[in-house]
>>> print(open('data_7.txt').read())   # compact mmCIF, N, CA and C atoms
# COMPACT_ATOMS: atom_id res chain seq x y z
N MET E 1 164.79 128.26 88.94
CA MET E 1 164.65 126.93 88.39
C MET E 1 165.41 126.85 87.08
N GLU E 2 166.61 126.39 87.15
CA GLU E 2 167.43 126.27 85.96
C GLU E 2 167.02 125.08 85.12
N GLY E 3 167.11 125.26 83.80
CA GLY E 3 166.81 124.16 82.91
C GLY E 3 165.35 124.01 82.55
N LYS E 4 164.48 124.78 83.18
CA LYS E 4 163.05 124.69 82.87
C LYS E 4 162.61 125.94 82.11
N GLU E 5 161.81 125.71 81.09
CA GLU E 5 161.25 126.83 80.34
C GLU E 5 160.07 127.39 81.11
N PRO E 6 159.95 128.71 81.15
CA PRO E 6 158.78 129.28 81.83
C PRO E 6 157.52 128.93 81.04
N GLU E 7 156.45 128.65 81.76
CA GLU E 7 155.19 128.31 81.10
C GLU E 7 154.61 129.54 80.42
N ALA E 8 154.13 129.36 79.22
CA ALA E 8 153.52 130.45 78.47
C ALA E 8 152.19 130.83 79.10
N GLU E 9 151.88 132.09 79.02
CA GLU E 9 150.61 132.59 79.53
C GLU E 9 149.49 132.09 78.60
N VAL E 10 148.44 131.52 79.17
CA VAL E 10 147.33 131.01 78.39
C VAL E 10 146.33 132.13 78.14
N THR E 11 145.87 132.21 76.90
CA THR E 11 144.83 133.17 76.55
C THR E 11 143.50 132.44 76.56
N TYR E 12 142.52 133.03 77.25
CA TYR E 12 141.20 132.43 77.33
C TYR E 12 140.23 133.18 76.44
N TYR E 13 139.36 132.43 75.80
CA TYR E 13 138.34 133.00 74.92
C TYR E 13 136.97 132.52 75.34
N ARG E 14 136.03 133.45 75.32
CA ARG E 14 134.64 133.10 75.58
C ARG E 14 134.07 132.48 74.30
N LEU E 15 133.08 131.62 74.44
CA LEU E 15 132.47 130.99 73.27
C LEU E 15 131.80 132.03 72.36
N GLU E 16 131.33 133.12 72.95
CA GLU E 16 130.74 134.20 72.15
C GLU E 16 131.79 134.81 71.22
N GLU E 17 133.01 134.93 71.70
CA GLU E 17 134.11 135.47 70.89
C GLU E 17 134.47 134.50 69.77
N VAL E 18 134.54 133.22 70.09
CA VAL E 18 134.85 132.20 69.08
C VAL E 18 133.78 132.22 67.98
N ALA E 19 132.53 132.38 68.36
CA ALA E 19 131.42 132.37 67.41
C ALA E 19 131.52 133.48 66.37
N LYS E 20 132.20 134.57 66.68
CA LYS E 20 132.36 135.68 65.75
C LYS E 20 133.33 135.35 64.61
N HIS E 21 134.14 134.34 64.80
CA HIS E 21 135.17 133.97 63.82
C HIS E 21 134.70 132.76 63.02
N ASN E 22 133.77 133.02 62.09
CA ASN E 22 133.16 131.92 61.36
C ASN E 22 133.06 132.18 59.86
N SER E 23 134.02 132.92 59.33
CA SER E 23 134.02 133.18 57.89
C SER E 23 135.28 132.58 57.26
N GLU E 24 135.29 132.49 55.94
CA GLU E 24 136.44 131.91 55.25
C GLU E 24 137.71 132.72 55.46
N LYS E 25 137.56 134.00 55.78
CA LYS E 25 138.73 134.86 55.99
C LYS E 25 139.16 134.92 57.45
N ASP E 26 138.37 134.35 58.33
CA ASP E 26 138.66 134.38 59.77
C ASP E 26 137.92 133.22 60.43
N MET E 27 138.58 132.07 60.56
CA MET E 27 137.92 130.84 61.01
C MET E 27 138.57 130.29 62.27
N TRP E 28 137.79 130.25 63.36
CA TRP E 28 138.22 129.63 64.60
C TRP E 28 137.29 128.47 64.89
N MET E 29 137.79 127.53 65.67
CA MET E 29 136.93 126.47 66.19
C MET E 29 137.51 125.94 67.49
N VAL E 30 136.67 125.25 68.23
CA VAL E 30 137.05 124.67 69.52
C VAL E 30 137.09 123.15 69.36
N ILE E 31 138.19 122.56 69.84
CA ILE E 31 138.30 121.11 69.90
C ILE E 31 138.90 120.76 71.26
N HIS E 32 138.18 120.00 72.02
CA HIS E 32 138.59 119.61 73.38
C HIS E 32 138.98 120.82 74.23
N GLU E 33 138.08 121.80 74.25
CA GLU E 33 138.23 123.00 75.09
C GLU E 33 139.41 123.88 74.70
N ARG E 34 140.01 123.63 73.55
CA ARG E 34 141.11 124.46 73.05
C ARG E 34 140.63 125.20 71.81
N VAL E 35 141.10 126.43 71.65
CA VAL E 35 140.68 127.27 70.55
C VAL E 35 141.78 127.28 69.48
N TYR E 36 141.36 127.08 68.23
CA TYR E 36 142.29 127.03 67.11
C TYR E 36 141.85 128.02 66.04
N ASP E 37 142.83 128.76 65.49
CA ASP E 37 142.60 129.64 64.34
C ASP E 37 143.02 128.84 63.12
N ILE E 38 142.06 128.30 62.41
CA ILE E 38 142.34 127.41 61.28
C ILE E 38 142.18 128.10 59.94
N THR E 39 142.16 129.42 59.94
CA THR E 39 141.96 130.18 58.71
C THR E 39 142.95 129.74 57.63
N GLY E 40 144.22 129.64 57.98
CA GLY E 40 145.26 129.28 57.01
C GLY E 40 145.23 127.82 56.58
N PHE E 41 144.44 127.00 57.24
CA PHE E 41 144.38 125.57 56.94
C PHE E 41 143.20 125.21 56.04
N LEU E 42 142.28 126.12 55.85
CA LEU E 42 141.06 125.81 55.10
C LEU E 42 141.35 125.17 53.75
N GLY E 43 142.22 125.76 52.97
CA GLY E 43 142.52 125.25 51.64
C GLY E 43 143.34 123.98 51.64
N GLU E 44 143.94 123.64 52.77
CA GLU E 44 144.81 122.46 52.86
C GLU E 44 144.09 121.23 53.41
N HIS E 45 142.91 121.39 53.97
CA HIS E 45 142.22 120.28 54.61
C HIS E 45 141.89 119.18 53.61
N PRO E 46 142.35 117.96 53.86
CA PRO E 46 142.12 116.85 52.92
C PRO E 46 140.64 116.57 52.64
N GLY E 47 139.78 116.86 53.59
CA GLY E 47 138.35 116.61 53.41
C GLY E 47 137.62 117.77 52.76
N GLY E 48 138.36 118.80 52.38
CA GLY E 48 137.76 119.99 51.77
C GLY E 48 137.44 121.03 52.82
N GLU E 49 137.44 122.27 52.38
CA GLU E 49 137.21 123.37 53.33
C GLU E 49 135.76 123.45 53.79
N GLU E 50 134.84 122.85 53.03
CA GLU E 50 133.42 122.93 53.38
C GLU E 50 133.12 122.34 54.75
N VAL E 51 133.78 121.22 55.06
CA VAL E 51 133.52 120.58 56.35
C VAL E 51 134.02 121.45 57.50
N LEU E 52 135.09 122.20 57.28
CA LEU E 52 135.58 123.10 58.32
C LEU E 52 134.69 124.33 58.45
N ILE E 53 134.26 124.85 57.32
CA ILE E 53 133.39 126.03 57.34
C ILE E 53 132.09 125.71 58.08
N GLU E 54 131.61 124.51 57.89
CA GLU E 54 130.37 124.07 58.56
C GLU E 54 130.53 124.12 60.09
N GLN E 55 131.72 123.85 60.59
CA GLN E 55 131.97 123.81 62.02
C GLN E 55 132.56 125.11 62.57
N GLY E 56 132.81 126.06 61.71
CA GLY E 56 133.48 127.30 62.11
C GLY E 56 132.75 128.07 63.18
N GLY E 57 133.53 128.60 64.13
CA GLY E 57 132.98 129.44 65.17
C GLY E 57 132.31 128.69 66.30
N ARG E 58 132.50 127.38 66.36
CA ARG E 58 131.84 126.63 67.43
C ARG E 58 132.68 125.44 67.88
N ASP E 59 132.12 124.68 68.81
CA ASP E 59 132.82 123.51 69.34
C ASP E 59 132.66 122.36 68.34
N ALA E 60 133.78 121.95 67.76
CA ALA E 60 133.78 120.90 66.74
C ALA E 60 134.34 119.60 67.27
N THR E 61 134.43 119.45 68.58
CA THR E 61 135.03 118.27 69.18
C THR E 61 134.38 116.98 68.72
N GLU E 62 133.07 116.92 68.79
CA GLU E 62 132.36 115.68 68.44
C GLU E 62 132.59 115.33 66.97
N SER E 63 132.48 116.31 66.09
CA SER E 63 132.71 116.06 64.66
C SER E 63 134.14 115.63 64.40
N PHE E 64 135.08 116.27 65.07
CA PHE E 64 136.51 115.95 64.91
C PHE E 64 136.77 114.51 65.32
N GLU E 65 136.22 114.09 66.43
CA GLU E 65 136.44 112.73 66.93
C GLU E 65 135.66 111.70 66.11
N ASP E 66 134.47 112.05 65.64
CA ASP E 66 133.67 111.11 64.85
C ASP E 66 134.37 110.71 63.56
N VAL E 67 135.12 111.63 62.98
CA VAL E 67 135.83 111.35 61.73
C VAL E 67 136.97 110.38 61.96
N GLY E 68 137.53 110.38 63.16
CA GLY E 68 138.64 109.47 63.46
C GLY E 68 139.95 109.97 62.89
N HIS E 69 140.31 111.20 63.20
CA HIS E 69 141.55 111.77 62.70
C HIS E 69 142.78 111.00 63.18
N SER E 70 143.80 111.00 62.37
CA SER E 70 145.05 110.31 62.68
C SER E 70 145.82 111.06 63.77
N VAL E 71 146.84 110.40 64.29
CA VAL E 71 147.71 111.04 65.28
C VAL E 71 148.40 112.24 64.65
N ASP E 72 148.78 112.12 63.39
CA ASP E 72 149.43 113.24 62.69
C ASP E 72 148.49 114.44 62.60
N ALA E 73 147.23 114.18 62.30
CA ALA E 73 146.25 115.27 62.22
C ALA E 73 146.08 115.94 63.58
N LYS E 74 146.06 115.14 64.64
CA LYS E 74 145.93 115.70 65.98
C LYS E 74 147.16 116.51 66.36
N ASP E 75 148.34 116.04 65.95
CA ASP E 75 149.57 116.79 66.21
C ASP E 75 149.59 118.11 65.43
N MET E 76 149.00 118.08 64.25
CA MET E 76 148.97 119.27 63.40
C MET E 76 148.18 120.41 64.05
N LEU E 77 147.24 120.07 64.91
CA LEU E 77 146.45 121.09 65.58
C LEU E 77 147.32 122.08 66.35
N LYS E 78 148.43 121.59 66.87
CA LYS E 78 149.30 122.43 67.72
C LYS E 78 149.70 123.74 67.04
N GLN E 79 149.92 123.69 65.72
CA GLN E 79 150.37 124.90 65.04
C GLN E 79 149.25 125.94 64.86
N TYR E 80 148.01 125.55 65.11
CA TYR E 80 146.88 126.48 64.97
C TYR E 80 146.30 126.91 66.32
N TYR E 81 146.88 126.40 67.39
CA TYR E 81 146.41 126.68 68.75
C TYR E 81 146.60 128.16 69.09
N ILE E 82 145.53 128.78 69.62
CA ILE E 82 145.64 130.18 70.04
C ILE E 82 145.21 130.39 71.49
N GLY E 83 144.59 129.41 72.11
CA GLY E 83 144.17 129.58 73.49
C GLY E 83 143.20 128.52 73.94
N GLU E 84 142.58 128.80 75.08
CA GLU E 84 141.66 127.85 75.72
C GLU E 84 140.28 128.49 75.85
N VAL E 85 139.27 127.64 75.95
CA VAL E 85 137.92 128.11 76.25
C VAL E 85 137.92 128.62 77.69
N HIS E 86 137.30 129.76 77.90
CA HIS E 86 137.21 130.34 79.24
C HIS E 86 136.60 129.31 80.19
N PRO E 87 137.17 129.18 81.40
CA PRO E 87 136.67 128.17 82.34
C PRO E 87 135.16 128.22 82.59
N SER E 88 134.57 129.39 82.57
CA SER E 88 133.13 129.47 82.83
C SER E 88 132.29 128.95 81.66
N ASP E 89 132.90 128.79 80.48
CA ASP E 89 132.18 128.28 79.31
C ASP E 89 132.44 126.80 79.05
N ARG E 90 133.26 126.18 79.86
CA ARG E 90 133.61 124.78 79.62
C ARG E 90 132.48 123.85 79.99
N LYS E 91 132.42 122.75 79.26
CA LYS E 91 131.44 121.71 79.55
C LYS E 91 132.08 120.74 80.52
N GLU E 92 131.77 120.90 81.78
CA GLU E 92 132.36 120.00 82.78
C GLU E 92 131.51 118.77 82.91
N LYS E 93 132.08 117.63 82.62
CA LYS E 93 131.36 116.38 82.67
C LYS E 93 130.85 116.07 84.08
N SER E 94 131.64 116.45 85.08
CA SER E 94 131.23 116.14 86.45
C SER E 94 130.02 116.97 86.88
N LYS E 95 129.83 118.14 86.25
CA LYS E 95 128.71 118.99 86.62
C LYS E 95 127.55 118.85 85.64
N ASP E 96 127.71 118.02 84.63
CA ASP E 96 126.67 117.82 83.64
C ASP E 96 125.51 117.10 84.31
N SER E 97 124.41 117.80 84.48
CA SER E 97 123.30 117.23 85.23
C SER E 97 122.75 116.00 84.54
N GLY E 98 122.72 114.92 85.28
CA GLY E 98 122.14 113.71 84.78
C GLY E 98 123.03 112.87 83.88
N SER E 99 124.27 113.27 83.64
CA SER E 99 125.10 112.50 82.72
C SER E 99 125.37 111.10 83.24
N PHE E 100 125.52 110.95 84.57
CA PHE E 100 125.74 109.62 85.13
C PHE E 100 124.53 108.74 84.89
N PHE E 101 123.35 109.31 85.15
CA PHE E 101 122.13 108.52 84.99
C PHE E 101 121.84 108.22 83.53
N LYS E 102 122.14 109.16 82.64
CA LYS E 102 121.93 108.91 81.22
C LYS E 102 122.81 107.77 80.75
N SER E 103 124.08 107.80 81.13
CA SER E 103 124.98 106.73 80.70
C SER E 103 124.60 105.42 81.37
N CYS E 104 124.15 105.49 82.61
CA CYS E 104 123.75 104.29 83.33
C CYS E 104 122.54 103.65 82.65
N TRP E 105 121.54 104.45 82.31
CA TRP E 105 120.34 103.92 81.65
C TRP E 105 120.68 103.33 80.29
N SER E 106 121.44 104.07 79.50
CA SER E 106 121.68 103.62 78.13
C SER E 106 122.70 102.49 78.05
N ASN E 107 123.64 102.46 78.95
CA ASN E 107 124.71 101.48 78.84
C ASN E 107 124.55 100.24 79.71
N TRP E 108 123.67 100.30 80.69
CA TRP E 108 123.61 99.19 81.61
C TRP E 108 122.19 98.77 81.96
N ILE E 109 121.40 99.68 82.48
CA ILE E 109 120.10 99.32 83.00
C ILE E 109 119.12 98.90 81.90
N ILE E 110 119.06 99.63 80.81
CA ILE E 110 118.12 99.28 79.74
C ILE E 110 118.41 97.90 79.16
N PRO E 111 119.66 97.56 78.84
CA PRO E 111 119.91 96.20 78.34
C PRO E 111 119.54 95.11 79.36
N VAL E 112 119.81 95.34 80.63
CA VAL E 112 119.48 94.36 81.66
C VAL E 112 117.96 94.20 81.76
N MET E 113 117.25 95.31 81.74
CA MET E 113 115.78 95.23 81.81
C MET E 113 115.23 94.51 80.58
N GLY E 114 115.84 94.75 79.43
CA GLY E 114 115.42 94.05 78.22
C GLY E 114 115.61 92.54 78.35
N ALA E 115 116.75 92.15 78.92
CA ALA E 115 117.03 90.73 79.11
C ALA E 115 116.04 90.10 80.09
N VAL E 116 115.72 90.80 81.16
CA VAL E 116 114.75 90.30 82.14
C VAL E 116 113.38 90.15 81.48
N LEU E 117 112.98 91.14 80.71
CA LEU E 117 111.69 91.08 80.03
C LEU E 117 111.64 89.90 79.06
N LEU E 118 112.71 89.68 78.32
CA LEU E 118 112.75 88.53 77.41
C LEU E 118 112.66 87.21 78.17
N ALA E 119 113.34 87.12 79.31
CA ALA E 119 113.30 85.90 80.12
C ALA E 119 111.88 85.64 80.61
N VAL E 120 111.19 86.66 81.07
CA VAL E 120 109.81 86.51 81.55
C VAL E 120 108.90 86.09 80.41
N MET E 121 109.07 86.72 79.25
CA MET E 121 108.24 86.36 78.09
C MET E 121 108.51 84.91 77.66
N TYR E 122 109.75 84.49 77.70
CA TYR E 122 110.10 83.12 77.33
C TYR E 122 109.46 82.12 78.29
N ARG E 123 109.55 82.40 79.57
CA ARG E 123 108.94 81.50 80.57
C ARG E 123 107.42 81.42 80.39
N PHE E 124 106.81 82.57 80.13
CA PHE E 124 105.38 82.60 79.90
C PHE E 124 105.03 81.78 78.66
N TYR E 125 105.79 81.94 77.60
CA TYR E 125 105.56 81.18 76.36
C TYR E 125 105.72 79.68 76.61
N MET E 126 106.75 79.29 77.33
CA MET E 126 106.99 77.87 77.61
C MET E 126 105.87 77.30 78.48
N ALA E 127 105.40 78.07 79.45
CA ALA E 127 104.30 77.62 80.31
C ALA E 127 103.04 77.44 79.48
N GLU E 128 102.75 78.33 78.57
CA GLU E 128 101.58 78.22 77.71
C GLU E 128 101.67 77.00 76.80
N SER E 129 102.85 76.72 76.27
CA SER E 129 103.00 75.59 75.34
C SER E 129 102.87 74.25 76.06
N ARG E 130 103.21 74.20 77.33
CA ARG E 130 103.04 72.97 78.11
C ARG E 130 101.58 72.66 78.38
N LEU E 131 100.78 73.72 78.57
CA LEU E 131 99.37 73.55 78.84
C LEU E 131 98.59 73.14 77.60
N SER E 132 99.12 73.45 76.45
CA SER E 132 98.39 73.13 75.20
C SER E 132 98.53 71.69 74.78
>>> encode(input="data_7.txt", output="structure tokens")
Amino acid sequence: MEGKEPEAEVTYYRLEEVAKHNSEKDMWMVIHERVYDITGFLGEHPGGEEVLIEQGGRDATESFEDVGHSVDAKDMLKQYYIGEVHPSDRKEKSKDSGSFFKSCWSNWIIPVMGAVLLAVMYRFYMAESRLS
């Protein structure tokens, strides 16, 4: 296959291994199932190194996304990439027990049930006021 670069071999890390790298001198974290060695970035982080140290050695995806990092910040991750979370340690959304039902209850069914309950209460109130 001329003109194509061979794909680099991916290194997989278990979450137990990532957890061992949680000091200021050796800091790894997971973001979107990818493992990053951010040791050299600690002093450069605009939000201070404390926020990174707090997340060190674990999955920081939710915290990373909650902050709302810029596209530039997300691109910067590439230089700290060292591998992927081992497939057996990944959080697969499709296999997450009950995730469909949890999202269904919180995003759809509960608001609809609330609206139905309000409608019934309103009708009951209106019926009572007519009788008075």
>>> atom_distance(input="data_7.txt", atom1="atom C of E:Leu42", atom2="atom C of E:Glu62")
18.7 Å
>>> closest_residue(input="data_7.txt", among="E:Ser88, E:Ser129, E:Gln55, E:Ser63", to="E:Trp28", atoms="all atoms listed in the file")
E:Gln55
>>> axis_aligned_box(input="data_7.txt", around="stretch 59-71 of chain E", padding_each_side="5 Å", output="lines of an AutoDock Vina configuration file")
center_x = 140.3
center_y = 117.1
center_z = 65.5
size_x = 26.3
size_y = 25.2
size_z = 17.6
>>> residues_around(input="data_7.txt", residues="E:His45", least_positions_apart="5", cutoff="12 Å", atoms="only C-alpha atoms", output="mmCIF file with N, CA and C atoms, keeping the file's coordinate frame")
data_model
loop_
_atom_site.group_PDB
_atom_site.id
_atom_site.type_symbol
_atom_site.label_atom_id
_atom_site.label_comp_id
_atom_site.auth_asym_id
_atom_site.auth_seq_id
_atom_site.Cartn_x
_atom_site.Cartn_y
_atom_site.Cartn_z
ATOM 1 N N ILE E 38 142.060 128.300 62.410
ATOM 2 C CA ILE E 38 142.340 127.410 61.280
ATOM 3 C C ILE E 38 142.180 128.100 59.940
ATOM 4 N N THR E 39 142.160 129.420 59.940
ATOM 5 C CA THR E 39 141.960 130.180 58.710
ATOM 6 C C THR E 39 142.950 129.740 57.630
ATOM 7 N N GLY E 40 144.220 129.640 57.980
ATOM 8 C CA GLY E 40 145.260 129.280 57.010
ATOM 9 C C GLY E 40 145.230 127.820 56.580
ATOM 10 N N GLU E 50 134.840 122.850 53.030
ATOM 11 C CA GLU E 50 133.420 122.930 53.380
ATOM 12 C C GLU E 50 133.120 122.340 54.750
ATOM 13 N N VAL E 51 133.780 121.220 55.060
ATOM 14 C CA VAL E 51 133.520 120.580 56.350
ATOM 15 C C VAL E 51 134.020 121.450 57.500
ATOM 16 N N LEU E 52 135.090 122.200 57.280
ATOM 17 C CA LEU E 52 135.580 123.100 58.320
ATOM 18 C C LEU E 52 134.690 124.330 58.450
ATOM 19 N N ILE E 53 134.260 124.850 57.320
ATOM 20 C CA ILE E 53 133.390 126.030 57.340
ATOM 21 C C ILE E 53 132.090 125.710 58.080
ATOM 22 N N HIS E 69 140.310 111.200 63.200
ATOM 23 C CA HIS E 69 141.550 111.770 62.700
ATOM 24 C C HIS E 69 142.780 111.000 63.180
ATOM 25 N N ALA E 73 147.230 114.180 62.300
ATOM 26 C CA ALA E 73 146.250 115.270 62.220
ATOM 27 C C ALA E 73 146.080 115.940 63.580
ATOM 28 N N MET E 76 149.000 118.080 64.250
ATOM 29 C CA MET E 76 148.970 119.270 63.400
ATOM 30 C C MET E 76 148.180 120.410 64.050
ATOM 31 N N LEU E 77 147.240 120.070 64.910
ATOM 32 C CA LEU E 77 146.450 121.090 65.580
ATOM 33 C C LEU E 77 147.320 122.080 66.350
#
>>> atom_distance(input="data_7.txt", atom1="atom CA of E:Asp37", atom2="atom CA of E:Ala8")
17.9 Å
>>> atom_distance(input="data_7.txt", atom1="atom CA of E:Asp72", atom2="atom CA of E:Glu44")
14.2 Å
>>> closest_residue(input="data_7.txt", among="E:Ala115, E:Ala60, E:Met121, E:Val85", to="E:Leu15", atoms="all atoms listed in the file")
E:Val85
>>> closest_residue(input="data_7.txt", among="E:Gly68, E:Gly48, E:Gly56, E:Gly83", to="E:Val35", atoms="only C-alpha atoms")
E:Gly83
>>> residues_near_point(input="data_7.txt", point="(140.7, 127.8, 75.6)", cutoff="8 Å", atoms="only N, CA and C atoms", output="list of chain:residue names")
E:Val10, E:Thr11, E:Tyr12, E:Tyr13, E:Arg14, E:Val30, E:His32, E:Glu33, E:Arg34, E:Val35, E:Tyr36, E:Ile82, E:Gly83, E:Glu84, E:Val85, E:His86, E:Pro87
>>> residues_near_point(input="data_7.txt", point="(133.8, 132.2, 66.7)", cutoff="7 Å", atoms="all atoms listed in the file", output="PyMOL selection string")
chain E and resi 15-22+27-29+56-58
